[in-house]
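Undergrad: See target_6.txt below, with compact mmCIF, C-alpha atoms.
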```txt
# COMPACT_ATOMS: atom_id res chain seq x y z
CA MET A 15 255.39 -13.23 169.90
CA ILE A 16 254.20 -15.54 167.10
CA VAL A 17 254.37 -19.20 168.13
CA ASN A 18 254.48 -22.08 165.63
CA PHE A 19 251.87 -24.47 167.04
CA TRP A 20 253.26 -27.61 165.44
CA GLN A 21 256.82 -26.73 166.45
CA VAL A 22 255.69 -26.28 170.07
CA LEU A 23 253.89 -29.63 169.97
CA TYR A 24 256.88 -31.41 168.39
CA ASN A 25 259.33 -29.82 170.85
CA SER A 26 257.11 -30.72 173.82
CA LEU A 27 256.78 -34.36 172.79
CA LYS A 28 260.40 -34.88 171.82
CA GLY A 29 261.80 -32.60 174.52
CA GLY A 30 259.90 -34.22 177.38
CA VAL A 31 261.27 -37.65 176.51
CA ALA A 32 264.80 -36.31 176.10
CA VAL A 33 264.74 -34.33 179.36
CA ASN A 34 263.50 -37.30 181.37
CA ARG A 35 266.22 -39.46 179.87
CA GLN A 36 268.91 -36.87 180.64
CA LEU A 37 267.69 -36.38 184.20
CA GLY A 38 267.85 -40.11 184.80
CA ALA A 39 271.54 -40.10 183.86
CA LEU A 40 272.55 -37.18 186.09
CA PRO A 41 273.77 -37.45 189.73
CA LYS A 42 271.36 -37.28 192.64
CA GLY A 43 271.35 -34.24 194.86
CA GLY A 44 271.10 -30.49 194.54
CA LEU A 45 273.75 -27.85 193.91
CA ASN A 46 274.26 -24.93 196.28
CA ILE A 47 276.84 -22.20 196.69
CA TYR A 48 278.22 -20.07 199.50
CA PHE A 49 280.86 -17.38 199.53
CA ARG A 50 283.80 -17.18 201.91
CA ASP A 51 286.40 -14.43 201.68
CA GLY A 52 284.93 -13.44 198.32
CA LYS A 53 285.48 -16.92 196.92
CA GLU A 54 282.80 -19.24 195.49
CA ASN A 55 282.37 -22.55 197.27
CA TYR A 56 280.05 -25.25 195.94
CA PHE A 57 278.42 -28.09 197.81
CA ILE A 58 275.98 -30.88 197.03
CA SER A 59 273.04 -31.60 199.30
CA ASN A 60 271.18 -34.89 199.64
CA THR A 61 268.52 -36.16 202.01
CA VAL A 62 269.37 -39.54 203.55
CA ASP A 63 267.02 -41.13 206.09
CA GLY A 64 265.30 -37.81 206.61
CA LYS A 65 268.55 -35.98 207.28
CA ARG A 66 270.02 -33.34 205.00
CA ILE A 67 273.64 -34.04 204.19
CA ARG A 68 275.93 -31.49 202.57
CA LYS A 69 279.29 -32.16 200.96
CA THR A 70 281.78 -29.72 199.48
CA ILE A 71 282.46 -30.29 195.77
CA SER A 72 284.38 -27.14 194.83
CA LYS A 73 287.23 -29.28 193.46
CA ASN A 74 284.93 -31.34 191.24
CA PRO A 75 284.02 -29.05 188.29
CA LYS A 76 282.44 -31.89 186.31
CA LEU A 77 279.97 -32.69 189.10
CA ILE A 78 279.22 -28.98 189.55
CA GLN A 79 278.41 -28.67 185.84
CA GLN A 80 276.22 -31.79 185.90
CA LEU A 81 274.20 -30.53 188.87
CA ALA A 82 273.76 -27.11 187.25
CA MET A 83 272.46 -28.80 184.09
CA LYS A 84 270.16 -30.92 186.26
CA LYS A 85 268.65 -27.76 187.76
CA PHE A 86 268.11 -26.35 184.27
CA LEU A 87 266.38 -29.51 183.05
CA GLU A 88 264.20 -29.64 186.18
CA ALA A 89 263.06 -26.09 185.38
CA LYS A 90 262.45 -26.96 181.72
CA LEU A 91 260.42 -30.14 182.22
CA PRO A 92 257.26 -28.55 183.72
CA ILE A 93 257.25 -25.97 180.89
CA LEU A 94 257.32 -28.75 178.30
CA LYS A 95 254.50 -30.57 180.11
CA LYS A 96 252.44 -27.37 180.29
CA ASN A 97 252.98 -26.65 176.58
CA LEU A 98 252.02 -30.21 175.66
CA ALA A 99 248.79 -30.00 177.66
CA ALA A 100 247.96 -26.62 176.10
CA THR A 101 248.62 -27.80 172.53
CA LYS A 102 246.43 -30.87 173.06
CA ILE A 103 243.54 -28.63 174.17
CA PHE A 104 244.10 -26.33 171.20
CA ALA A 105 244.40 -29.23 168.75
CA ALA A 106 241.04 -30.60 169.89
CA GLN A 107 239.40 -27.33 168.79
CA ILE A 108 240.98 -27.17 165.32
CA GLU A 109 238.65 -27.89 162.42
CA ASP A 110 239.97 -29.39 159.21
CA ASP A 111 240.43 -26.66 156.60
CA SER A 112 241.73 -28.91 153.82
CA THR A 113 240.29 -28.52 150.33
CA ASP A 114 238.64 -31.97 150.41
CA TYR A 115 236.91 -31.29 153.73
CA VAL A 116 235.59 -27.86 152.76
CA LEU A 117 234.46 -29.11 149.36
CA GLY A 118 232.49 -31.82 151.15
CA LYS A 119 230.32 -29.10 152.68
CA LEU A 120 229.16 -27.99 149.21
CA PRO A 121 226.56 -29.62 146.92
CA LYS A 122 228.14 -32.12 144.54
CA TRP A 123 227.33 -30.07 141.43
CA MET A 124 229.17 -27.11 142.98
CA GLN A 125 232.08 -29.30 144.10
CA ALA A 126 232.79 -30.16 140.48
CA LEU A 127 232.89 -26.50 139.44
CA VAL A 128 235.19 -25.48 142.29
CA PHE A 129 237.46 -28.49 141.87
CA LYS A 130 237.89 -27.71 138.17
CA GLU A 131 239.10 -24.22 139.07
CA PHE A 132 241.48 -25.57 141.71
CA GLU A 133 242.82 -28.16 139.31
CA ALA A 134 243.73 -25.55 136.70
CA GLU A 135 245.52 -23.34 139.23
CA VAL A 136 247.38 -26.26 140.82
CA ASP A 137 248.64 -27.55 137.47
CA LYS A 138 249.88 -24.07 136.57
CA GLU A 139 251.72 -23.65 139.91
CA LYS A 140 253.23 -27.13 139.79
CA LEU A 141 254.57 -26.64 136.29
CA SER A 142 256.09 -23.30 137.27
CA TRP A 143 257.80 -24.74 140.37
CA GLU A 144 259.11 -27.83 138.59
CA LYS A 145 260.64 -25.81 135.74
CA GLN A 146 262.37 -23.23 137.93
CA PRO A 147 266.18 -23.49 138.23
CA TYR A 148 267.36 -25.12 141.45
CA ASN A 149 270.57 -26.16 143.16
CA MET A 150 271.10 -29.73 141.92
CA SER A 151 273.86 -31.92 143.36
CA SER A 152 276.97 -32.16 141.18
CA TYR A 153 278.23 -35.28 142.97
CA MET A 154 279.74 -37.81 140.52
CA PRO A 155 277.66 -36.88 137.46
CA GLU A 156 279.33 -39.72 135.56
CA ARG A 157 277.23 -42.15 137.61
CA LYS A 158 274.01 -40.73 136.19
CA THR A 159 273.89 -43.32 133.42
CA HIS A 160 270.13 -43.93 133.23
CA THR A 161 267.68 -41.69 131.37
CA THR A 162 263.94 -41.24 131.97
CA SER A 163 261.39 -40.85 129.18
CA ARG A 164 261.62 -37.06 129.65
CA GLY A 165 265.39 -36.91 129.41
CA LEU A 166 266.31 -36.71 133.10
CA LYS A 167 269.63 -38.39 133.96
CA VAL A 168 269.49 -40.48 137.17
CA ARG A 169 271.73 -42.99 138.94
CA SER A 170 269.75 -46.24 138.86
CA LYS A 171 267.07 -48.18 137.02
CA SER A 172 264.92 -48.02 140.14
CA GLU A 173 265.07 -44.23 140.10
CA VAL A 174 263.99 -44.30 136.43
CA LEU A 175 260.94 -46.36 137.41
CA ILE A 176 260.09 -44.00 140.28
CA CYS A 177 260.37 -40.98 137.94
CA GLU A 178 258.09 -42.67 135.42
CA ALA A 179 255.55 -43.26 138.20
CA PHE A 180 255.73 -39.55 139.04
CA TYR A 181 255.11 -38.67 135.39
CA ARG A 182 252.08 -40.99 135.19
CA ASN A 183 250.60 -39.51 138.35
CA ASN A 184 251.34 -35.86 137.46
CA ILE A 185 253.66 -35.46 140.48
CA ALA A 186 255.89 -32.37 140.43
CA PHE A 187 259.42 -33.18 141.61
CA ARG A 188 263.07 -32.17 141.54
CA TYR A 189 265.93 -34.66 141.41
CA GLU A 190 268.80 -34.41 143.94
CA GLN A 191 268.00 -30.86 145.01
CA ILE A 192 270.44 -29.57 147.66
CA LEU A 193 268.59 -28.39 150.76
CA GLU A 194 269.93 -26.38 153.69
CA ILE A 195 268.29 -27.09 157.06
CA ASN A 196 269.78 -25.82 160.32
CA GLY A 197 273.10 -25.26 158.55
CA ILE A 198 273.25 -28.85 157.28
CA SER A 199 273.16 -29.78 153.58
CA PHE A 200 270.76 -32.54 152.56
CA ILE A 201 270.42 -34.17 149.15
CA PRO A 202 267.27 -36.33 149.07
CA ASP A 203 266.77 -38.30 145.87
CA PHE A 204 263.52 -36.49 145.14
CA THR A 205 261.99 -33.26 146.43
CA ILE A 206 258.26 -33.29 145.72
CA ARG A 207 255.66 -30.54 145.71
CA ARG A 208 252.19 -31.86 146.52
CA ASP A 209 249.03 -30.27 145.18
CA ASP A 210 248.45 -28.58 148.53
CA GLY A 211 251.90 -26.97 148.35
CA LYS A 212 253.49 -29.17 151.02
CA MET A 213 257.04 -30.32 150.32
CA VAL A 214 257.75 -34.04 150.72
CA PHE A 215 261.15 -35.70 150.40
CA TRP A 216 261.76 -39.19 149.01
CA GLU A 217 264.80 -41.40 149.56
CA HIS A 218 265.24 -44.68 147.70
CA ALA A 219 267.91 -47.09 148.93
CA GLY A 220 269.09 -49.44 146.22
CA ARG A 221 272.07 -51.36 147.57
CA THR A 222 270.43 -53.23 150.43
CA ASP A 223 272.90 -56.11 150.05
CA ASN A 224 275.80 -53.80 150.96
CA LYS A 225 276.35 -53.46 154.73
CA ASP A 226 278.40 -50.23 154.51
CA TYR A 227 275.77 -48.64 152.25
CA ILE A 228 272.93 -49.55 154.61
CA ASN A 229 274.83 -48.29 157.68
CA LYS A 230 275.44 -44.98 155.92
CA HIS A 231 271.78 -44.88 154.86
CA PHE A 232 270.49 -45.28 158.42
CA ARG A 233 272.87 -42.61 159.73
CA LYS A 234 271.42 -40.32 157.07
CA MET A 235 267.88 -41.20 158.20
CA LEU A 236 268.74 -40.28 161.80
CA THR A 237 270.13 -36.93 160.64
CA TYR A 238 266.93 -36.31 158.66
CA ILE A 239 264.71 -37.06 161.67
CA GLU A 240 266.80 -34.91 164.02
CA ASN A 241 266.24 -31.99 161.63
CA GLY A 242 262.49 -32.34 161.11
CA LEU A 243 262.33 -34.65 158.07
CA THR A 244 260.29 -37.56 159.41
CA PRO A 245 258.62 -40.61 157.78
CA TRP A 246 255.34 -39.85 159.57
CA ASN A 247 255.21 -36.32 158.15
CA ASN A 248 257.29 -35.28 155.16
CA LEU A 249 259.72 -38.10 154.30
CA ILE A 250 259.14 -41.22 152.18
CA VAL A 251 261.73 -44.02 152.25
CA THR A 252 261.66 -47.01 149.87
CA TYR A 253 264.05 -49.86 149.14
CA ASP A 254 265.18 -52.36 146.55
CA ASP A 255 265.35 -55.92 147.85
CA GLU A 256 268.69 -57.67 148.39
CA GLU A 257 268.73 -58.84 144.76
CA GLY A 258 268.29 -55.30 143.45
CA ASN A 259 264.60 -55.58 142.56
CA ILE A 260 262.06 -52.80 143.11
CA ASN A 261 258.40 -53.39 144.01
CA MET A 262 256.37 -50.88 142.01
CA ASN A 263 253.21 -51.74 143.95
CA ILE A 264 254.87 -50.14 146.99
CA ILE A 265 255.94 -47.10 144.95
CA GLU A 266 252.43 -46.56 143.57
CA SER A 267 250.95 -47.03 147.05
CA GLU A 268 253.26 -44.39 148.57
CA ILE A 269 252.30 -41.97 145.81
CA ALA A 270 248.57 -42.59 146.25
CA LEU A 271 248.64 -42.36 150.05
CA LYS A 272 251.14 -39.55 150.64
CA LEU A 273 251.48 -37.42 147.52
CA LYS A 274 247.91 -36.86 146.38
```
Can I see the file as structure tokens?
TA:
Amino acid sequence: MIVNFWQVLYNSLKGGVAVNRQLGALPKGGLNIYFRDGKENYFISNTVDGKRIRKTISKNPKLIQQLAMKKFLEAKLPILKKNLAATKIFAAQIEDDSTDYVLGKLPKWMQALVFKEFEAEVDKEKLSWEKQPYNMSSYMPERKTHTTSRGLKVRSKSEVLICEAFYRNNIAFRYEQILEINGISFIPDFTIRRDDGKMVFWEHAGRTDNKDYINKHFRKMLTYIENGLTPWNNLIVTYDDEEGNINMNIIESEIALKLK
């Protein structure tokens, strides 16, 4: 069986916290069963002052279900802890195989030759990806009233400025590409292909003075995070201020730190 290392690590970290939280909310005691006249009978057992106390709960299906789930979570928790410990040991042995790190092992004169070759191949791949047809959102096209210097129609002046920053920095991107993740459709403002091939998604929130807009925005962020799009990994989120102004220093900083 092929195991995705990062998925195991993510599941162990997130799952351990979730399981502990769920266990804390479930009833105390253990579930047991006995049969009488071919009929299932359930009881809950607790230890009070050193004595084991049993109580029939056959007429309480909700409690039975909760205690069964508790048993499942108690069996899952040590597996998550074991996986987390194993991934930490494995992670400590991983050596960086990024282009920058490996190039650093070569003489500088050779670095320049190799980098030139990489640069040519990357530019060719980026151009091909950016120009390929993709599933763009058709939501309210009449609101795309702003045009970038390369003819792309977008919804706000801030998005124009972000696109222009992408152009200046040779960033390959797609606007409002529809993505399907775990059966859910997502439409980030920008889908970006980095030079190393990693996909990064960018959301820009413009109406920060509008309470309903911001509430909807944060619900969207929670959905992103629950489905693996996270600000510490592959999601960039920026904002206009409450007067509708954009800070391009922040935009350029995000590009320099996360997209190059």
Undergrad: Box along x, y and z, 5 Å on every side, all listed atoms of range 226-243 of chain A inside: centre and edge lengths in Å to one decimal, as JSON.
TA:
```
{"center_x": 270.4, "center_y": -41.1, "center_z": 158.1, "size_x": 26.1, "size_y": 28.2, "size_z": 21.8}
```
Undergrad: Residues near Arg157 in chain A, anyone? I mean within 9 Å using all atoms listed in the file, not counting same-chain ones fewer than 6 positions away, as a list of chain:residue names.
TA: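 Surrounding residues, per the criterion: A:Val168, A:Arg169, A:Ser170.
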Undergrad: Distance CA of Pro92 in chain A-CA of Trp246 in chain A, one decimal place?
TA: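 We find that CA of Pro92 in chain A and CA of Trp246 in chain A lie 26.7 Å from each other.
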Undergrad: At a cut-off of 8 Å, using all atoms listed in the file, what residues contact Ala179 in chain A? Leave out same-chain residues fewer than 4 positions from it and give the result as an mmCIF file with C-alpha atoms, in the coordinates of the input.
TA:
```cif
data_model
loop_
_atom_site.group_PDB
_atom_site.id
_atom_site.type_symbol
_atom_site.label_atom_id
_atom_site.label_comp_id
_atom_site.auth_asym_id
_atom_site.auth_seq_id
_atom_site.Cartn_x
_atom_site.Cartn_y
_atom_site.Cartn_z
ATOM 1 C CA LEU A 175 260.940 -46.360 137.410
ATOM 2 C CA ASN A 183 250.600 -39.510 138.350
ATOM 3 C CA ILE A 265 255.940 -47.100 144.950
ATOM 4 C CA GLU A 266 252.430 -46.560 143.570
#
```
Undergrad: Please report as a Markdown table every residue of range 182-246 of chain A lying within 7 Å of range 251-254 of chain A, along with the nearest atom pair and their distance in Å (one decimal), using all atoms listed in the file.
TA:
```
| residue | atom | partner | partner_atom | distance |
| --- | --- | --- | --- | --- |
| A:Trp216 | CA | A:Val251 | CA | 5.8 |
| A:Glu217 | CA | A:Val251 | CA | 4.9 |
| A:His218 | CA | A:Thr252 | CA | 4.8 |
| A:Ala219 | CA | A:Tyr253 | CA | 4.8 |
| A:Gly220 | CA | A:Asp254 | CA | 4.9 |
| A:Thr222 | CA | A:Asp254 | CA | 6.6 |
```
